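Raw coords_32.csv, CSV, C-alpha atoms and all ligand atoms:
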```csv
chain,number,residue,atom,x,y,z
A,1,MET,CA,-39.7,20.1,65.0
A,2,ARG,CA,-42.0,18.7,62.4
A,3,ASP,CA,-40.4,20.9,59.8
A,4,VAL,CA,-37.0,19.6,60.7
A,5,VAL,CA,-38.2,16.0,60.2
A,6,ARG,CA,-39.8,16.9,56.9
A,7,GLN,CA,-36.6,18.7,55.8
A,8,ARG,CA,-34.5,15.7,56.7
A,9,ALA,CA,-36.9,13.4,55.0
A,10,GLY,CA,-36.8,15.6,52.0
A,11,ARG,CA,-33.0,15.6,52.0
A,12,HIS,CA,-33.1,11.9,52.3
A,13,ILE,CA,-35.4,11.5,49.3
A,14,GLN,CA,-33.2,13.9,47.4
A,15,ARG,CA,-30.1,11.9,48.2
A,16,GLY,CA,-31.9,8.7,47.2
A,17,GLN,CA,-32.8,10.2,43.9
A,18,ASP,CA,-29.2,11.3,43.3
A,19,LYS,CA,-28.1,7.8,43.9
A,20,PHE,CA,-30.7,6.5,41.5
A,21,MET,CA,-29.7,9.0,38.9
A,22,GLY,CA,-26.1,8.1,39.4
A,23,LYS,CA,-26.8,4.5,38.7
A,24,PHE,CA,-29.0,5.5,35.8
A,25,THR,CA,-26.4,7.7,34.1
A,26,GLY,CA,-23.8,5.0,34.9
A,27,ALA,CA,-25.9,2.5,33.1
A,28,PHE,CA,-26.2,4.9,30.2
A,29,VAL,CA,-22.5,5.4,30.0
A,30,VAL,CA,-21.9,1.7,30.1
A,31,ALA,CA,-24.5,1.0,27.4
A,32,GLY,CA,-23.0,3.8,25.3
A,33,LEU,CA,-19.5,2.4,25.6
A,34,ALA,CA,-20.8,-1.1,24.7
A,35,ALA,CA,-22.5,0.4,21.7
A,36,SER,CA,-19.5,2.3,20.5
A,37,ALA,CA,-17.3,-0.8,21.1
A,38,LEU,CA,-19.6,-2.8,18.9
A,39,ALA,CA,-19.6,-0.1,16.3
A,40,GLY,CA,-15.8,0.1,16.6
A,41,VAL,CA,-15.5,-3.6,15.8
A,42,ALA,CA,-17.9,-3.4,12.9
A,43,VAL,CA,-16.0,-0.5,11.4
A,44,ALA,CA,-12.5,-1.7,12.2
A,45,ALA,CA,-12.9,-5.3,11.1
A,46,PRO,CA,-12.2,-5.0,7.3
A,47,ALA,CA,-9.1,-2.8,7.9
A,48,LYS,CA,-7.8,-5.2,10.5
A,49,GLY,CA,-8.3,-8.2,8.4
A,50,ASP,CA,-10.4,-11.3,8.9
A,51,PRO,CA,-8.3,-14.3,9.8
A,52,VAL,CA,-11.0,-16.7,8.5
A,53,LEU,CA,-10.8,-15.1,5.1
A,54,GLY,CA,-7.0,-15.1,5.7
A,55,LYS,CA,-7.0,-18.8,6.1
A,56,LYS,CA,-8.5,-19.2,2.6
A,57,VAL,CA,-6.0,-16.7,1.1
A,58,PHE,CA,-3.2,-18.7,2.8
A,59,MET,CA,-4.2,-21.6,0.5
A,60,ARG,CA,-2.0,-19.7,-2.1
A,61,CYS,CA,0.9,-20.0,0.3
A,62,VAL,CA,0.7,-23.5,1.7
A,63,ALA,CA,2.6,-25.1,-1.1
A,64,CYS,CA,5.6,-23.2,0.2
A,65,HIS,CA,4.8,-22.2,3.8
A,66,ALA,CA,3.6,-23.8,7.0
A,67,VAL,CA,2.3,-21.6,9.8
A,68,GLN,CA,2.1,-24.0,12.7
A,69,PRO,CA,5.2,-23.9,14.9
A,70,ASN,CA,7.4,-26.9,14.5
A,71,ALA,CA,5.8,-27.8,11.2
A,72,PRO,CA,8.4,-29.2,8.8
A,73,MET,CA,10.1,-26.6,6.5
A,74,LYS,CA,8.7,-26.5,3.0
A,75,MET,CA,10.0,-24.7,-0.1
A,76,GLY,CA,9.7,-21.5,2.0
A,77,PRO,CA,10.4,-20.7,5.6
A,78,ASN,CA,8.0,-21.6,8.5
A,79,LEU,CA,5.8,-18.5,9.1
A,80,ALA,CA,4.8,-19.1,12.7
A,81,GLY,CA,5.3,-15.9,14.6
A,82,VAL,CA,6.6,-14.1,11.5
A,83,VAL,CA,4.6,-10.9,12.2
A,84,GLY,CA,6.9,-8.6,14.1
A,85,ARG,CA,9.9,-10.7,13.4
A,86,LYS,CA,13.1,-9.7,11.6
A,87,ALA,CA,13.2,-10.9,8.0
A,88,GLY,CA,15.3,-14.0,7.4
A,89,ALA,CA,15.2,-15.2,11.0
A,90,ALA,CA,13.7,-18.7,10.7
A,91,ASN,CA,15.7,-21.9,10.2
A,92,PHE,CA,15.7,-21.7,6.4
A,93,LYS,CA,18.1,-21.4,3.5
A,94,TYR,CA,17.3,-17.8,2.7
A,95,SER,CA,18.4,-16.0,-0.4
A,96,ALA,CA,21.4,-13.7,-0.1
A,97,ALA,CA,19.1,-10.8,-0.7
A,98,MET,CA,16.8,-11.8,2.2
A,99,LYS,CA,19.8,-12.4,4.5
A,100,LYS,CA,21.1,-8.9,4.0
A,101,ALA,CA,17.7,-7.2,3.9
A,102,ASN,CA,17.3,-5.1,7.0
A,103,VAL,CA,13.5,-5.6,7.2
A,104,LYS,CA,11.2,-6.2,10.1
A,105,TRP,CA,7.9,-7.8,9.2
A,106,ASP,CA,5.4,-5.4,10.7
A,107,GLU,CA,2.0,-5.2,9.2
A,108,ALA,CA,2.8,-2.3,6.8
A,109,THR,CA,5.9,-4.0,5.5
A,110,LEU,CA,4.1,-7.3,5.1
A,111,ASP,CA,1.4,-5.6,3.2
A,112,LYS,CA,3.9,-4.2,0.7
A,113,TRP,CA,5.7,-7.6,0.5
A,114,LEU,CA,2.5,-9.5,-0.2
A,115,LEU,CA,1.6,-7.0,-2.9
A,116,LYS,CA,5.0,-7.4,-4.6
A,117,PRO,CA,7.8,-9.3,-2.9
A,118,SER,CA,10.6,-7.9,-5.1
A,119,ALA,CA,9.6,-4.3,-4.2
A,120,VAL,CA,10.6,-5.0,-0.5
A,121,VAL,CA,13.5,-7.4,-1.0
A,122,PRO,CA,14.9,-7.1,-4.5
A,123,GLY,CA,16.4,-10.4,-5.5
A,124,THR,CA,14.2,-12.5,-3.2
A,125,SER,CA,13.8,-16.2,-4.0
A,126,MET,CA,10.1,-16.1,-3.1
A,127,ALA,CA,8.7,-16.8,-6.5
A,128,PHE,CA,5.2,-15.4,-5.9
A,129,ALA,CA,3.3,-12.9,-8.0
A,130,GLY,CA,1.6,-11.2,-5.0
A,131,VAL,CA,-1.9,-10.7,-3.7
A,132,PRO,CA,-3.4,-7.7,-5.5
A,133,ASN,CA,-6.5,-7.4,-3.3
A,134,ALA,CA,-5.8,-5.2,-0.2
A,135,GLU,CA,-8.6,-6.8,1.8
A,136,GLU,CA,-7.1,-10.3,1.1
A,137,ARG,CA,-3.6,-9.1,2.1
A,138,ALA,CA,-5.0,-7.7,5.4
A,139,ALA,CA,-6.8,-11.0,6.0
A,140,VAL,CA,-3.8,-13.2,5.4
A,141,ILE,CA,-1.7,-10.9,7.7
A,142,ALA,CA,-4.4,-11.3,10.4
A,143,TYR,CA,-4.2,-15.1,9.8
A,144,LEU,CA,-0.4,-15.1,10.2
A,145,LYS,CA,-0.8,-13.1,13.4
A,146,LYS,CA,-3.3,-15.5,14.8
A,147,PRO,CA,-3.8,-18.7,12.7
A,148,VAL,CA,-7.4,-19.9,13.1
A,149,PRO,CA,-7.8,-23.7,13.1
B,201,LIG,C1,6.5,-20.7,-4.6
B,201,LIG,C2,6.7,-20.7,-3.2
B,201,LIG,C3,6.2,-19.6,-2.3
B,201,LIG,C4,4.9,-19.1,-2.3
B,201,LIG,C5,3.7,-19.6,-3.1
B,201,LIG,C6,4.8,-18.1,-1.2
B,201,LIG,N1,6.1,-18.0,-0.7
B,201,LIG,FE1,6.6,-16.8,0.9
B,201,LIG,N2,8.5,-17.3,0.7
B,201,LIG,C7,9.0,-18.3,-0.2
B,201,LIG,C8,10.5,-18.3,-0.1
B,201,LIG,C9,11.4,-19.3,-0.9
B,201,LIG,C10,10.8,-17.4,0.9
B,201,LIG,C11,12.3,-17.0,1.3
B,201,LIG,C12,12.6,-15.9,0.3
B,201,LIG,C13,14.1,-15.5,0.4
B,201,LIG,O1,14.9,-16.1,1.1
B,201,LIG,O2,14.4,-14.5,-0.4
B,201,LIG,C14,9.6,-16.8,1.3
B,201,LIG,C15,9.5,-15.8,2.3
B,201,LIG,C16,8.4,-15.3,2.9
B,201,LIG,C17,8.3,-14.4,4.0
B,201,LIG,C18,9.5,-13.9,4.8
B,201,LIG,C19,9.8,-15.0,5.9
B,201,LIG,C20,11.0,-14.7,6.8
B,201,LIG,O3,11.3,-15.6,7.6
B,201,LIG,O4,11.6,-13.6,6.7
B,201,LIG,C21,7.0,-14.2,4.2
B,201,LIG,C22,6.4,-13.3,5.3
B,201,LIG,C23,6.2,-14.9,3.2
B,201,LIG,N3,7.1,-15.6,2.4
B,201,LIG,C24,4.8,-14.9,3.2
B,201,LIG,C25,4.1,-15.6,2.1
B,201,LIG,C26,2.7,-15.5,2.0
B,201,LIG,C27,1.8,-14.9,3.1
B,201,LIG,C28,2.4,-16.2,0.9
B,201,LIG,C29,1.0,-16.4,0.3
B,201,LIG,C30,0.2,-15.3,0.1
B,201,LIG,C31,3.6,-16.7,0.3
B,201,LIG,N4,4.7,-16.3,1.1
B,201,LIG,C32,3.7,-17.5,-0.8
B,201,LIG,C33,8.3,-19.0,-1.1
B,201,LIG,C34,6.9,-18.9,-1.3
```
Produce structure tokens that represent the structure in this file.
Ligand code: HEC
Amino acid sequence: MRDVVRQRAGRHIQRGQDKFMGKFTGAFVVAGLAASALAGVAVAAPAKGDPVLGKKVFMRCVACHAVQPNAPMKMGPNLAGVVGRKAGAANFKYSAAMKKANVKWDEATLDKWLLKPSAVVPGTSMAFAGVPNAEERAAVIAYLKKPVP
């Protein structure tokens, strides 16, 4: 009888420990995930582009482009929502080259465009030498995706 009680108590303790360990490993997993998430952000940030730097880079574009929706058209088309859009889709008098260009502004294409516009749309009317620095291109693309105030 006593043995049974002790056994039961033993099992109970055992189960309690399992639960504790469960929580413990759970906490470890969560901490691990958080740590790798943080590391992920730190590593991925330069490749993804920093919109704050992008805003500075966009100073080279503001003479011709606005990025706020409904902002008046300048010498170039409004760029609000341009990332992922078909080329030549804003309300703007595009060049014939741009109108017939079958281009979608995904990040890879924008990167090439911003390095050398005429390489993507030969005959474009965007008179712009390009942004030679890859980090600055990534940054301005990030800014176009999500303009920071
Ligand atoms: C001198 C004026 C000028 C400057 C500076 C300029 N652009 Fe442009 N941009 C234009 C014009 C004009 C067009 C339309 C080109 C066409 O129709 O061939 C254009 C087109 C574009 C397009 C395609 C828009 C669409 O609706 O398809 C993108 C994207 C773009 N510019 C991004 C930029 C970025 C980013 C910068 C700065 C790094 C910049 N441009 C600098 C004049 C300029």
Separation of atom N2 of ligand LIG 201 (chain B) from atom CA of Gly123 of chain A, in Å and rounded to one decimal: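 So the answer is 12.2 Å.
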Counting all atoms listed in the file, which residue out of A:Ile141, A:Met98, A:Ala108, A:Leu53 sits closest to Val121 of chain A?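 For Val121 of chain A, the nearest of the candidates is A:Met98.
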Dump the neighbourhood of ligand LIG 201 (chain B) as a short mmCIF file (atom, residue, chain, number, x, y, z; two decimals) with C-alpha atoms, in the frame of the given file: all residues within 8 Å, distances computed on all atoms listed in the file.
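The file below, pocket06.cif, is the result:
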```
data_model
loop_
_atom_site.label_atom_id
_atom_site.label_comp_id
_atom_site.auth_asym_id
_atom_site.auth_seq_id
_atom_site.Cartn_x
_atom_site.Cartn_y
_atom_site.Cartn_z
CA VAL A 57 -6.00 -16.70 1.10
CA PHE A 58 -3.20 -18.70 2.80
CA MET A 59 -4.20 -21.60 0.50
CA ARG A 60 -2.00 -19.70 -2.10
CA CYS A 61 0.90 -20.00 0.30
CA VAL A 62 0.70 -23.50 1.70
CA ALA A 63 2.60 -25.10 -1.10
CA CYS A 64 5.60 -23.20 0.20
CA HIS A 65 4.80 -22.20 3.80
CA MET A 75 10.00 -24.70 -0.10
CA GLY A 76 9.70 -21.50 2.00
CA PRO A 77 10.40 -20.70 5.60
CA ASN A 78 8.00 -21.60 8.50
CA LEU A 79 5.80 -18.50 9.10
CA VAL A 82 6.60 -14.10 11.50
CA VAL A 83 4.60 -10.90 12.20
CA ARG A 85 9.90 -10.70 13.40
CA LYS A 86 13.10 -9.70 11.60
CA ALA A 87 13.20 -10.90 8.00
CA GLY A 88 15.30 -14.00 7.40
CA ALA A 89 15.20 -15.20 11.00
CA ALA A 90 13.70 -18.70 10.70
CA PHE A 92 15.70 -21.70 6.40
CA LYS A 93 18.10 -21.40 3.50
CA TYR A 94 17.30 -17.80 2.70
CA SER A 95 18.40 -16.00 -0.40
CA ALA A 96 21.40 -13.70 -0.10
CA ALA A 97 19.10 -10.80 -0.70
CA MET A 98 16.80 -11.80 2.20
CA LYS A 99 19.80 -12.40 4.50
CA TRP A 105 7.90 -7.80 9.20
CA LEU A 110 4.10 -7.30 5.10
CA TRP A 113 5.70 -7.60 0.50
CA LEU A 114 2.50 -9.50 -0.20
CA VAL A 121 13.50 -7.40 -1.00
CA GLY A 123 16.40 -10.40 -5.50
CA THR A 124 14.20 -12.50 -3.20
CA SER A 125 13.80 -16.20 -4.00
CA MET A 126 10.10 -16.10 -3.10
CA ALA A 127 8.70 -16.80 -6.50
CA PHE A 128 5.20 -15.40 -5.90
CA GLY A 130 1.60 -11.20 -5.00
CA VAL A 131 -1.90 -10.70 -3.70
CA ARG A 137 -3.60 -9.10 2.10
CA VAL A 140 -3.80 -13.20 5.40
CA ILE A 141 -1.70 -10.90 7.70
CA LEU A 144 -0.40 -15.10 10.20
#
```
Distance cut-off 12 Å, centre (-9.9, -15.6, 7.4) in file coordinates, counting only C-alpha atoms: which residues qualify? Return them as a list in words. Ala45, Pro46, Lys48, Gly49, Asp50, Pro51, Val52, Leu53, Gly54, Lys55, Lys56, Val57, Phe58, Met59, Glu135, Glu136, Arg137, Ala138, Ala139, Val140, Ile141, Ala142, Tyr143, Leu144, Lys145, Lys146, Pro147, Val148 and Pro149 of chain A
To one decimal in Å, tell me the separation between atom CA of Leu115 of chain A and atom CA of Met73 of chain A.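 Calculated distance between atom CA of Leu115 of chain A and atom CA of Met73 of chain A is 23.3 Å.
One distance worth recording is that between atom CA of Ala134 of chain A and atom CA of Ser118 of chain A, which is 17.3 Å.
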Residue nearest Asn133 of chain A - candidates A:Asp111, A:Ala101, A:Val67, A:Gly84, atoms counted: only C-alpha atoms: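 When distances to Asn133 of chain A are compared using only C-alpha atoms, the smallest one comes from A:Asp111.
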